[in-house]
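*Asks:* Please read through the structure below; I'll follow up with questions.
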Amino acid sequence: MATQKVISRQTGVEDTQYKWGFEFDYESDVAPRGLNEDIVRLISSKKGEPEWMLEWRLKAFAHWNKLGNEEPTWANISHPPIDFQDIIYYAAPKSQKDGPKSLDEVDPEMLEAFAKLGIPLEEQKKLSGVAVDAIIDSVSVATTYQEMLLKAGVIFCSMSEAIKNHPDLVRKYLGSVVPYTDNFYATLNSAVFSDGSFCYVPPGVRCPIELMTYFRINELDTGQFERTLIIADEGSYVSYLEGCTAPMRKTHQLHAAVVELVTLDDAEIKYSTLQNWYPGDKEGKGGVYNFVTKRGIARGKNSKISWTQVETGSAITWKYPSVILQGDNSVGEFYSVALVNNYQQADTGTKMIHIGKNTKSTIVAKGISAGHAQNTYRGQVKIMPTADNAQNFTQCDSLLIGDQCGAHTVPYIEVRNSTARMGHEATTSKVNDDQLFYLQQRGISLEEANYMIINGFCRGIFKELPFEFAAEASQLMRVSLEGAVG
Amino acid sequence: MTQAHERNGTALLEVKGLRVSVGETEILRGIDLTVRKGEVHAIMGPNGSGKSTLTNVLAGRPEYIVTEGQVLFEGKNILGLPPVGMDPETRAREGMFLAFQYPVELAGVRTWQFLKAAVDATREYRGLPQLKIREFDRLLEEKLELVEIAPELIKRSVNEGFSGGEKKRNEILQMLLLDPKLAMLDETDSGLDIDALRIVANGVNQFKGPSKAIVLVTHYQRILNYITPDFVHVLVDGRIVRSGGKELAEQLEEKGYDWVRESSDSPAAPPAAKVGA
């Protein structure tokens with residue numbers, strides 16, 4: 001028996017820049033290709049779900065059928081039609097079939113695989129101060145720091161476990177922010193979602209550590225449809241991070257996730273994303289289609305939901321993390337950096353729906369375009385008649401690198417209450433030659449000078465990220481822009 | 001030549017027959033200048049005479065086109081791209097520093113981080129070990145005091161929201177930190193009040209030494225009361241029309257640039273461009 005195992009092999013795509021492009025080698029339990037009611041039932045039974053969950057999935061599936069396989073076309077993106085019957089909707093590492101009871105039972109191969117991604121799961125090497133839920137393809141393989149969280153009363157587990165162990169909470173909140181009828185991809189997700197993370201923070205608890213979910217698509221032609229639900233009960237606080245990577249594939253992979261956040265009175269959720277799905281190669285071959293619905297409802301008074309995202313991956317990103325500001329004095333924030341290079345496309349932004357009085361939202365979106373890439377900010381701010389003294393500030397800045405790329409800004413503003421105060425600023429700039437020369441005159445190389453300026457452009461966003469993530473984000477930008485600057 | 005200086009220092013910068021254009025317009029029309037170690041040169045001249053072009057082209061600003069001539073720094077050709085010449089960062093690392101007339105703002109780039117990156121890159125090129133953060137901070141603190149910059153300022157983005165005087169003092173701070181061989185100060189004195197001028201001059205005088213050289217581009221004689229030049233060159237219409245000692249600056253102050261313009265038209269005017277020969 002060989003003691004060393006190879007956990008990666010070539011995926012047939014030459015790309016030196018995407019260092020997460022290797023593939024894990026393990027046996028998988030894979031559903032047949034295609035989507036029909038049997039597949040929905042199969043997923044539900046694989047997960048040993050209760051009847052109510054299956055029913056919900058079937059309702060969603062029926063609704064999706066009614067939509068007639070017609071994807072939304074309003075976004076500023078283009079791709080060949082997706083054959084939804086050519087996708088595998090469930091894949092799980094075989095060894096995880098019954099699910100590990102504790103970290104000791106997690107397959108060492110899985111631990112090794114995640115360590116390679118820079119996410120150590122073993123007790124002794126865990127990321128300090130961060131509890132991680134690791135998800136490969138359709139299932140959660142491990143969740144760290146469980147005990148410590150339980151002591152604080154925080155529930156942090158995979159969605160599958162939550163459905164089994166916390167059905168009341170799941171039934172109460174699942175689909176309460178993003179109903180299964182919401183949009184094409186959210187409906188699809190509701191029918192076939194496989195796993196995801198669940199978090200509940202009880203009243204008055206400040207979650208002692210950062211929570212993190214690490215998503216990984218591994219199987220060929222597999223879609224990933226995770227579902228995340230986070231509830232911050234009265235007066236509680238939680239900071240949640242998600243990171244994502246995928247192997248390099250010549251074909252496109254579909255990722256259609258749904259994230260729902262709920263804050264009750266005086267609660268706060270800070271949600272940060274580093275999205276680094278495989279972007280495709282230099283010619284635009286391959287890459288993940290990232291069609292995601294993320295929405296939070298600040299239901300309670302004085303509650304706050306803050307989205308921070310750094311989007312560098314995916315062939316196409318279609319995503320609008322939004323906040324419904326229902327509670328009086330509630331606050332919604334959206335801080336975003338979307339970077340596209342080569343032939344990547346991003347249509348991303350947010351929606352801020354003001355319902356409660358004295359609600360306040362802030363949107364800061366930074367778009368960076370390089371190569372032949374197209375970057376669109378699309379944002380909606382809606383002030384409802386009930387939202388007296390609502391305030392919004394929006395800032396959209398675009399930075400262009402080279403002259404083959406594009407930046408677009410599409411703001412929708414709807415104000416139905418005359419007491420609202422709105423501010424909107426937008427800029428488009430190129431990396432300025434005077435700035436580059438100034439840095440070079442101080443001995444800094446042209447390439448480094450470019451990174452410094454781009455990093456400076458993003459600083460306002462990066463500072464919103466948890467400390468460990470901020471350094472990673474700036475590193476990620478550098479890797480994503482390799483060859484585009486200097 | 002009226003000054004009494006012995007010119008026995010090593011030639012640091014040699015400019016020979018330099019002609020430079022921007023677009024279709026020729027700005028420098030044959031410049032000759034030799035700067036040796038230990039010397040302070042003042043280049044004076046009216047607006048639009050090409051003073052800033054000269055320092056910028058020496059530093060390697062891309063939009064200038066050199067049509068003729070040669071520039072050597074410590075005997076090495078710098079004009080053109082590597083391997084023939086040097087790119088701007090290499091010139092900087094070799095020891096050429098330009099204090100900008102209009103220091104550039106860098107949104108989101110912290111001054112501290114910028115200074116550290118510049119010092120790191122320069123030291124690496126010169127084969128010196130990288131300074132530890134504590135060592136760097138100590139060095140920085142010492143230089144900050146010299147140019148009277150509040151430590152809070154280095155937490156801010158480079159030059160963003162700095163006053164005119166703070167920007168200029170920041171340039172001198174960078175000069176002191178990077179410790180170049182040749183410092184070119186492009187109208188560093190313009191727009192400074194008397195206190196700021198004293199601080200800047202003090203920084204430059206600290207820097208001065210037998211192994212250093214300074215090229216001071218200025219409009220006014222004022223700063224020369226604080227920094228004594230060994231040579232004064234008058235640049236008019238892209239040519240050095242007259243060179244002399246510090247008394248030339250005083251004459252200029254008195255008689256204005258028209259005086260040199262007129263006198264330079266006469267055939268008897270000395271071939272000022274030969275100063276360094």
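Following the order of the structure tokens, chains are lettered A, B, ..., residues in each are numbered from 1, and ligands are numbered from 1.
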Per residue of chain B within 9 Å of chain A, note the shortest atom pair and the distance in Å to one decimal, counting only C-alpha atoms, and order the rows by chain and increasing residue number, as a tab-separated table.
*Replies:*
```
residue	atom	partner	partner_atom	distance
B:Ala59	CA	A:Gln441	CA	6.9
B:Gly60	CA	A:Gln441	CA	8.2
B:Arg61	CA	A:Phe437	CA	6.6
B:Pro62	CA	A:Phe437	CA	8.1
B:Asp87	CA	A:Gln440	CA	8.6
B:Pro88	CA	A:Gln441	CA	5.7
B:Glu89	CA	A:Gly443	CA	4.3
B:Thr90	CA	A:Gly443	CA	6.6
B:Arg91	CA	A:Gln441	CA	7.7
B:Ala92	CA	A:Gly443	CA	5.0
B:Arg93	CA	A:Gly443	CA	5.2
B:Glu94	CA	A:Gly443	CA	8.8
B:Met96	CA	A:Gln441	CA	8.3
B:Phe97	CA	A:Gln441	CA	6.9
B:Leu98	CA	A:Gln441	CA	7.0
B:Phe100	CA	A:Tyr438	CA	8.2
B:Pro103	CA	A:Tyr438	CA	7.8
B:Val104	CA	A:Gln435	CA	6.1
B:Glu105	CA	A:Gln435	CA	7.4
B:Leu106	CA	A:Gln435	CA	6.8
B:Ala107	CA	A:Gly456	CA	5.8
B:Gly108	CA	A:Gly456	CA	3.7
B:Val109	CA	A:Gly456	CA	4.6
B:Arg110	CA	A:Gly456	CA	7.9
B:Phe114	CA	A:Leu439	CA	8.2
B:Leu115	CA	A:Arg442	CA	8.6
B:Ala117	CA	A:Ile444	CA	7.0
B:Ala118	CA	A:Arg442	CA	5.4
B:Val119	CA	A:Gly443	CA	7.9
B:Asp120	CA	A:Gly443	CA	8.8
B:Ala121	CA	A:Gly443	CA	5.9
B:Thr122	CA	A:Gly443	CA	5.7
B:Tyr125	CA	A:Gly443	CA	8.9
B:Ser157	CA	A:Gly456	CA	8.5
B:Gln174	CA	A:Arg442	CA	8.1
B:Leu178	CA	A:Arg442	CA	7.9
```
*Asks:* Skip Arg33 of chain A itself and residues of its chain fewer than 2 positions away, then list as a PDB file with all heavy atoms, in the first residue's frame all residues within 7 Å of it, counting only C-alpha atoms.
*Replies:*
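Writing done, so here's selection_19.pdb:
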```pdb
ATOM      1  N   ALA A  31     -25.738  11.189  -9.066  1.00  0.00           N
ATOM      2  CA  ALA A  31     -27.080  10.948  -9.604  1.00  0.00           C
ATOM      3  C   ALA A  31     -27.021  10.928 -11.129  1.00  0.00           C
ATOM      4  O   ALA A  31     -26.107  11.504 -11.705  1.00  0.00           O
ATOM      5  CB  ALA A  31     -28.023  12.055  -9.141  1.00  0.00           C
ATOM      6  N   GLN A  85     -30.993  19.576 -18.799  1.00  0.00           N
ATOM      7  CA  GLN A  85     -31.053  18.114 -18.740  1.00  0.00           C
ATOM      8  C   GLN A  85     -29.663  17.500 -18.886  1.00  0.00           C
ATOM      9  O   GLN A  85     -29.510  16.282 -18.818  1.00  0.00           O
ATOM     10  CB  GLN A  85     -32.003  17.576 -19.830  1.00  0.00           C
ATOM     11  CG  GLN A  85     -33.459  17.985 -19.662  1.00  0.00           C
ATOM     12  CD  GLN A  85     -34.036  17.649 -18.290  1.00  0.00           C
ATOM     13  OE1 GLN A  85     -33.609  16.689 -17.631  1.00  0.00           O
ATOM     14  NE2 GLN A  85     -34.978  18.452 -17.826  1.00  0.00           N
ATOM     15  N   ASP A  86     -28.660  18.341 -19.079  1.00  0.00           N
ATOM     16  CA  ASP A  86     -27.303  17.817 -19.251  1.00  0.00           C
ATOM     17  C   ASP A  86     -26.456  18.048 -17.999  1.00  0.00           C
ATOM     18  O   ASP A  86     -25.246  17.992 -18.034  1.00  0.00           O
ATOM     19  CB  ASP A  86     -26.661  18.482 -20.478  1.00  0.00           C
ATOM     20  CG  ASP A  86     -25.432  17.701 -20.945  1.00  0.00           C
ATOM     21  OD1 ASP A  86     -25.440  16.456 -20.815  1.00  0.00           O
ATOM     22  OD2 ASP A  86     -24.473  18.333 -21.409  1.00  0.00           O
ATOM     23  N   ILE A  87     -27.136  18.335 -16.903  1.00  0.00           N
ATOM     24  CA  ILE A  87     -26.419  18.655 -15.663  1.00  0.00           C
ATOM     25  C   ILE A  87     -26.672  17.538 -14.654  1.00  0.00           C
ATOM     26  O   ILE A  87     -27.747  16.926 -14.648  1.00  0.00           O
ATOM     27  CB  ILE A  87     -26.907  20.014 -15.101  1.00  0.00           C
ATOM     28  CG1 ILE A  87     -26.458  21.149 -16.026  1.00  0.00           C
ATOM     29  CG2 ILE A  87     -26.417  20.258 -13.675  1.00  0.00           C
ATOM     30  CD1 ILE A  87     -27.067  22.495 -15.696  1.00  0.00           C
ATOM     31  N   ILE A  88     -25.670  17.274 -13.844  1.00  0.00           N
ATOM     32  CA  ILE A  88     -25.854  16.305 -12.761  1.00  0.00           C
ATOM     33  C   ILE A  88     -26.241  17.099 -11.508  1.00  0.00           C
ATOM     34  O   ILE A  88     -25.562  18.064 -11.136  1.00  0.00           O
ATOM     35  CB  ILE A  88     -24.559  15.507 -12.530  1.00  0.00           C
ATOM     36  CG1 ILE A  88     -24.260  14.650 -13.767  1.00  0.00           C
ATOM     37  CG2 ILE A  88     -24.669  14.635 -11.282  1.00  0.00           C
ATOM     38  CD1 ILE A  88     -22.851  14.121 -13.819  1.00  0.00           C
TER      39      ILE A  88
END
```
*Asks:* Considering only C-alpha atoms, state which residue in the set B:Glu148, B:Asp237, B:Asp32, B:Asp195 is at the smallest distance from Glu68 of chain B.
*Replies:*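 Of all the options, B:Asp32 lies closest to Glu68 of chain B.
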*Asks:* So that I can check the surroundings of Ile230 of chain A, please list as a list of chain:residue names every protein, DNA and RNA residue that reaches within 10 Å of it, counting only C-alpha atoms and ignoring chain neighbours fewer than 3 positions away.
*Replies:* A:Ile155, A:Phe156, A:Val170, A:Tyr173, A:Leu174, A:Ser197, A:Phe198, A:Cys199, A:Tyr200, A:Val201, A:Asp233, A:Val238, A:Tyr240, A:Val259, A:Glu260, A:Leu261, A:Val262, A:Thr263, A:Ile269, A:Tyr271, A:Gly296
*Asks:* Just the selected residues (N, CA and C atoms), exported as a short mmCIF file (atom, residue, chain, number, x, y, z; two decimals), in the first residue's frame, please.
*Replies:*
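What follows is the written file out_6.cif:
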```cif
data_model
loop_
_atom_site.label_atom_id
_atom_site.label_comp_id
_atom_site.auth_asym_id
_atom_site.auth_seq_id
_atom_site.Cartn_x
_atom_site.Cartn_y
_atom_site.Cartn_z
N ILE A 155 -26.19 27.75 16.72
CA ILE A 155 -26.31 26.56 15.88
C ILE A 155 -25.63 26.87 14.56
N PHE A 156 -24.62 26.07 14.22
CA PHE A 156 -23.95 26.24 12.93
C PHE A 156 -23.72 24.85 12.37
N VAL A 170 -36.11 25.74 10.54
CA VAL A 170 -36.00 25.68 9.09
C VAL A 170 -37.36 25.95 8.44
N TYR A 173 -38.35 29.66 8.59
CA TYR A 173 -37.61 30.69 7.86
C TYR A 173 -37.24 30.35 6.42
N LEU A 174 -37.16 29.05 6.10
CA LEU A 174 -36.76 28.68 4.74
C LEU A 174 -37.75 29.23 3.72
N SER A 197 -25.20 25.90 4.35
CA SER A 197 -24.98 26.09 5.79
C SER A 197 -26.21 26.69 6.44
N PHE A 198 -26.35 26.36 7.69
CA PHE A 198 -27.46 26.89 8.48
C PHE A 198 -26.88 27.49 9.75
N CYS A 199 -27.38 28.65 10.11
CA CYS A 199 -26.89 29.25 11.34
C CYS A 199 -28.03 29.96 12.07
N TYR A 200 -28.09 29.70 13.36
CA TYR A 200 -29.05 30.41 14.19
C TYR A 200 -28.32 30.96 15.41
N VAL A 201 -28.44 32.26 15.59
CA VAL A 201 -27.81 32.88 16.76
C VAL A 201 -28.92 33.32 17.71
N ASP A 233 -31.27 36.23 15.92
CA ASP A 233 -32.40 36.56 16.79
C ASP A 233 -32.13 37.88 17.52
N VAL A 238 -23.64 38.15 14.26
CA VAL A 238 -22.81 37.10 13.68
C VAL A 238 -22.11 37.63 12.43
N TYR A 240 -20.24 36.19 9.09
CA TYR A 240 -20.21 34.96 8.31
C TYR A 240 -19.42 35.18 7.02
N VAL A 259 -29.19 32.34 -0.78
CA VAL A 259 -28.82 32.68 0.59
C VAL A 259 -29.92 33.56 1.16
N GLU A 260 -30.38 33.20 2.34
CA GLU A 260 -31.41 34.00 3.02
C GLU A 260 -30.88 34.42 4.40
N LEU A 261 -31.04 35.69 4.69
CA LEU A 261 -30.63 36.21 6.00
C LEU A 261 -31.84 36.85 6.68
N VAL A 262 -31.95 36.64 7.97
CA VAL A 262 -33.04 37.28 8.72
C VAL A 262 -32.46 37.89 9.99
N THR A 263 -32.70 39.20 10.20
CA THR A 263 -32.32 39.79 11.49
C THR A 263 -33.59 40.25 12.21
N ILE A 269 -26.19 41.02 11.06
CA ILE A 269 -25.46 39.99 10.31
C ILE A 269 -24.50 40.68 9.37
N TYR A 271 -22.11 39.64 6.35
CA TYR A 271 -21.92 38.52 5.45
C TYR A 271 -20.86 38.87 4.41
N GLY A 296 -31.45 39.51 2.19
CA GLY A 296 -31.64 39.52 3.63
C GLY A 296 -32.84 40.38 3.96
#
```
*Asks:* Quick check, in Å to one decimal: how far apart do atom CA of Ser361 of chain A and atom CA of His408 of chain A lie?
*Replies:* 21.8 Å
*Asks:* Quick check for you: according to DSSP on this backbone, which residues of segment 107-209 of chain B are classed as helix (DSSP H, G or I)? Reply as a PyMOL selection string.
*Replies:* chain B and resi 111-125+133-146+151-155+164-178+194-207
*Asks:* To one decimal place in Å, what is the distance between atom CA of Gly245 of chain B and atom CA of His219 of chain B?
*Replies:*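 Going from atom CA of Gly245 of chain B over to atom CA of His219 of chain B, I get 16.3 Å.
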*Asks:* Using only C-alpha atoms, pick whichever of A:Ala152, A:Leu481, A:Val410, A:Ala186 has the shortest atom-to-atom distance to His424 of chain A.
*Replies:*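 Comparing A:Ala152, A:Leu481, A:Val410, A:Ala186 against His424 of chain A, the winner is A:Val410.
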*Asks:* Quick one: of A:Trp64, A:Tyr412, A:Tyr343, A:Tyr89, who's nearest to Gln224 of chain A, counting only C-alpha atoms?
*Replies:*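 Looking at the shortest contact to Gln224 of chain A, the residue is A:Tyr89.
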*Asks:* Using only C-alpha atoms, what does the table of segment 155-218 of chain B residues within 9 Å of segment 9-20 of chain B look like, with each row giving the shortest atom pair and its distance in Å to one decimal, sorted by chain and ascending number, as CSV?
*Replies:*
```
residue,atom,partner,partner_atom,distance
B:Lys181,CA,B:Leu12,CA,8.1
B:Leu182,CA,B:Leu12,CA,7.7
B:Pro210,CA,B:Gly9,CA,8.3
B:Ser211,CA,B:Gly9,CA,8.7
B:Lys212,CA,B:Leu12,CA,8.8
B:Ala213,CA,B:Leu12,CA,7.7
```
*Asks:* The selected residues should be written to file as a short mmCIF file (atom, residue, chain, number, x, y, z; two decimals), in the first residue's frame (atoms: N, CA and C atoms).
*Replies:*
```
data_model
loop_
_atom_site.label_atom_id
_atom_site.label_comp_id
_atom_site.auth_asym_id
_atom_site.auth_seq_id
_atom_site.Cartn_x
_atom_site.Cartn_y
_atom_site.Cartn_z
N LYS B 181 21.43 59.35 -5.00
CA LYS B 181 22.72 60.02 -5.22
C LYS B 181 22.48 61.41 -5.81
N LEU B 182 21.47 61.47 -6.67
CA LEU B 182 21.13 62.72 -7.32
C LEU B 182 19.69 63.08 -7.00
N PRO B 210 29.28 65.17 0.23
CA PRO B 210 30.28 64.99 -0.83
C PRO B 210 29.92 63.89 -1.83
N SER B 211 29.05 62.97 -1.43
CA SER B 211 28.71 61.89 -2.36
C SER B 211 27.38 62.15 -3.06
N LYS B 212 26.77 63.28 -2.76
CA LYS B 212 25.44 63.58 -3.30
C LYS B 212 25.51 64.76 -4.26
N ALA B 213 24.51 64.83 -5.12
CA ALA B 213 24.39 66.02 -5.96
C ALA B 213 22.93 66.45 -6.01
#
```
*Asks:* What separation in Å, quoted to one decimal, exists between atom CA of Arg171 of chain A and atom CA of Arg299 of chain A?
*Replies:*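 If I compute the distance from atom CA of Arg171 of chain A to atom CA of Arg299 of chain A, I get 17.2 Å.
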